[in-house]
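J.: Supplied in structure tokens, the structure appears directly below.
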Amino acid sequence: MQIATWNVNSLSVRLPQVLAWLQANPVDALALQELKLTDDKFPLQALQEAGYHAVSHGQKTYNGVAWLTRTPVRDVVRNIPGLDDEQARIIAATLDAEGGPVRLINGYFVNGQAPGTDKFAYKMRWLQALQDWVKSEMAIHPRLVLVGDFNVAPEDRDSYDPIGLKDTIHHTVEERTHFQALLQLGLTDAFRMFDQPEKSYSWWDYRMLGFQKNRGLRIDHILVSEALRPSVSACSVDRAPRKNPQPSDHAPVVVTLG
DNA sequence: ATGGCAGTACCATACTGA
């Protein structure tokens, strides 16, 4: 089984690329972030015609997340329970699979702008609430994946310029400590279970020929629980869609289980 | 030293992203 995550930076604009990617990469579940549309504008029919079920948690202009799956999901949760959050950043669901149900959590983590700002404080609050909630989800669902745009480069090797960008957004100790806390719940960064090319990233700035110069960050992640870890056989970034005309600034990350 | 791209919305310029 394959699970993928992709920040599409507007599903309206990127729908043709999503459909083309799914045709070439018929994953069992695809997490989307930054839909930038409300649920009434969600392109359900086009995705159904492509063979996918979908559940979404949309928002106008900003944020918005969805799961696309080959088979229907159940027990859908939108946003972190108990967190008063106007922004649509979380959708979770359970997918029945061979070997048992898998809890799928998809997050569009807060960007945070810069340390010291209100947005950074919101990011810290949000990360703490996420951690508390994921802990409780893991107790209920041993087979669990947490995927999405984490907006955190966990280590220096996940950044094109760890020295120049030291202590800036995505690189701060506070953000990295939150990422480590998620791992300490018993989650594993699937990408780092395998040898990977040097300078592997999942996001590149549109400006300054960021992709052509491979000036990027690895901020899109797939974390798997202990129960799933033995079945993880591959994990990689698919850079191909970043080369498309009018690309998203993020590339998909794909994990293979079994 | 600064902005540089892209998407969206009160459609001209501001906001956000990372």
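In the structure tokens, chains take the letters A, B, ... in the order shown, each chain's residues start at 1, and ligands count up from 1 in the order shown.
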Would you tabulate, counting only C-alpha atoms (C1' of nucleotides), all residues of chain A that have an atom at most 9 Å from an atom of chain B, showing the closest pair of atoms and their distance in Å to one decimal, sorted by chain then ascending number, as CSV?
T.:
residue,atom,partner,partner_atom,distance
A:Asn9,CA,B:DG7,C1',7.6
A:Ser10,CA,B:DG7,C1',7.1
A:Val13,CA,B:DG7,C1',8.7
A:Lys36,CA,B:DT8,C1',8.4
A:Lys60,CA,B:DT8,C1',8.9
A:Thr61,CA,B:DT8,C1',5.7
A:Tyr62,CA,B:DT16,C1',8.2
A:Asn111,CA,B:DA18,C1',7.1
A:Gln113,CA,B:DA18,C1',7.8
A:Asn151,CA,B:DA18,C1',7.6
A:Ile169,CA,B:DA18,C1',7.8
A:His170,CA,B:DA18,C1',7.8
A:Trp203,CA,B:DA18,C1',8.5
A:Trp204,CA,B:DA18,C1',8.8
A:Asp205,CA,B:DA18,C1',7.5
A:Tyr206,CA,B:DC5,C1',4.8
A:Arg207,CA,B:DC5,C1',4.9
A:Met208,CA,B:DG4,C1',6.1
A:Leu217,CA,B:DA18,C1',8.9
A:Gln246,CA,B:DA6,C1',8.9
A:Ser248,CA,B:DA6,C1',8.9
A:Asp249,CA,B:DA6,C1',8.8
J.: Restricting the output to N, CA and C atoms, write the selected residues as an mmCIF file, in the first residue's frame.
T.:
data_model
loop_
_atom_site.group_PDB
_atom_site.id
_atom_site.type_symbol
_atom_site.label_atom_id
_atom_site.label_comp_id
_atom_site.auth_asym_id
_atom_site.auth_seq_id
_atom_site.Cartn_x
_atom_site.Cartn_y
_atom_site.Cartn_z
ATOM 1 N N ASN A 9 -0.857 23.998 -3.128
ATOM 2 C CA ASN A 9 -0.931 25.460 -3.279
ATOM 3 C C ASN A 9 -2.038 25.867 -4.259
ATOM 4 N N SER A 10 -3.254 25.590 -3.875
ATOM 5 C CA SER A 10 -4.496 25.833 -4.642
ATOM 6 C C SER A 10 -4.899 24.611 -5.458
ATOM 7 N N VAL A 13 -6.187 25.475 -9.082
ATOM 8 C CA VAL A 13 -5.142 25.635 -10.098
ATOM 9 C C VAL A 13 -4.480 24.293 -10.414
ATOM 10 N N LYS A 36 -7.070 25.915 -0.567
ATOM 11 C CA LYS A 36 -7.487 27.300 -0.838
ATOM 12 C C LYS A 36 -8.874 27.368 -1.453
ATOM 13 N N LYS A 60 -11.815 29.211 2.572
ATOM 14 C CA LYS A 60 -11.633 30.170 1.488
ATOM 15 C C LYS A 60 -10.228 30.792 1.539
ATOM 16 N N THR A 61 -9.583 30.844 0.401
ATOM 17 C CA THR A 61 -8.314 31.566 0.204
ATOM 18 C C THR A 61 -7.090 30.905 0.825
ATOM 19 N N TYR A 62 -7.234 30.457 2.064
ATOM 20 C CA TYR A 62 -6.067 29.928 2.780
ATOM 21 C C TYR A 62 -6.322 28.506 3.279
ATOM 22 N N ASN A 111 2.649 27.979 9.479
ATOM 23 C CA ASN A 111 3.932 28.482 8.975
ATOM 24 C C ASN A 111 4.717 29.169 10.092
ATOM 25 N N GLN A 113 5.723 32.380 10.263
ATOM 26 C CA GLN A 113 6.337 33.646 9.814
ATOM 27 C C GLN A 113 7.751 33.901 10.344
ATOM 28 N N ASN A 151 6.002 22.294 7.897
ATOM 29 C CA ASN A 151 6.651 23.603 8.015
ATOM 30 C C ASN A 151 7.766 23.603 9.063
ATOM 31 N N ILE A 169 12.643 30.908 10.587
ATOM 32 C CA ILE A 169 11.462 30.041 10.579
ATOM 33 C C ILE A 169 11.761 28.727 9.834
ATOM 34 N N HIS A 170 11.221 27.656 10.368
ATOM 35 C CA HIS A 170 11.437 26.256 9.941
ATOM 36 C C HIS A 170 12.697 25.655 10.551
ATOM 37 N N TRP A 203 10.378 21.201 -0.804
ATOM 38 C CA TRP A 203 9.867 22.540 -1.156
ATOM 39 C C TRP A 203 11.007 23.390 -1.678
ATOM 40 N N TRP A 204 10.701 24.185 -2.699
ATOM 41 C CA TRP A 204 11.674 25.114 -3.281
ATOM 42 C C TRP A 204 10.956 26.422 -3.580
ATOM 43 N N ASP A 205 11.587 27.537 -3.206
ATOM 44 C CA ASP A 205 11.010 28.859 -3.445
ATOM 45 C C ASP A 205 10.793 29.073 -4.947
ATOM 46 N N TYR A 206 9.664 29.692 -5.266
ATOM 47 C CA TYR A 206 9.410 30.029 -6.672
ATOM 48 C C TYR A 206 10.441 31.032 -7.194
ATOM 49 N N ARG A 207 10.983 31.828 -6.271
ATOM 50 C CA ARG A 207 11.867 32.920 -6.690
ATOM 51 C C ARG A 207 13.314 32.442 -6.831
ATOM 52 N N MET A 208 14.102 33.247 -7.515
ATOM 53 C CA MET A 208 15.562 33.037 -7.518
ATOM 54 C C MET A 208 15.966 31.665 -8.058
ATOM 55 N N LEU A 217 13.951 23.100 1.070
ATOM 56 C CA LEU A 217 13.812 22.620 2.440
ATOM 57 C C LEU A 217 13.033 21.305 2.407
ATOM 58 N N GLN A 246 3.712 25.802 -14.315
ATOM 59 C CA GLN A 246 2.821 26.245 -13.240
ATOM 60 C C GLN A 246 2.756 25.216 -12.097
ATOM 61 N N SER A 248 3.164 23.485 -8.218
ATOM 62 C CA SER A 248 3.165 23.816 -6.796
ATOM 63 C C SER A 248 4.616 24.019 -6.365
ATOM 64 N N ASP A 249 4.833 24.790 -5.308
ATOM 65 C CA ASP A 249 6.212 24.927 -4.820
ATOM 66 C C ASP A 249 6.651 23.711 -3.998
#
J.: Find the residues around Thr177 (chain A) up to 12 Å (only C-alpha atoms (C1' of nucleotides) counted), leave out those fewer than 6 positions away in its own chain, and share them as a list in words.
T.: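 Result of the neighbour search: Met124, Leu127, Gln128, Gln131, Val152, Ala153, Pro154, Glu155, His170, His171, Leu183 and Gln184 of chain A.
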J.: Could you give me the residues within region 7-247 of chain A that DSSP places in strand (DSSP E), as a PyMOL selection string?
T.: chain A and resi 7+29-33+53-57+65-69+73-78+90-95+102-108+144-149+187-189+203-204+216-217+220-225+232-237
J.: Which residues are near Trp21 (chain A)? Cut-off 12 Å, only C-alpha atoms (C1' of nucleotides), ignore same chain within fewer than 5 positions. Put them as a count of residues only.
T.: 21
J.: Please indicate the distance in Å from CA of Leu228 (chain A) to CA of Leu144 (chain A), rounded to one decimal place.
T.: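 Straight-line distance from CA of Leu228 (chain A) to CA of Leu144 (chain A) works out to 7.2 Å.
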J.: Between A:Gln196, A:Thr38, A:Ser56, A:Thr117, which one has atoms that come closest to Ser12 (chain A), using only C-alpha atoms?
T.: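 Among the listed residues, A:Thr38 lies closest to Ser12 (chain A).
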J.: Would you compute the distance between CA of Met1 (chain A) and CA of Gln180 (chain A)? Give it in Å to one decimal.
T.: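 CA of Gln180 (chain A) lies at a distance of 26.4 Å from CA of Met1 (chain A).
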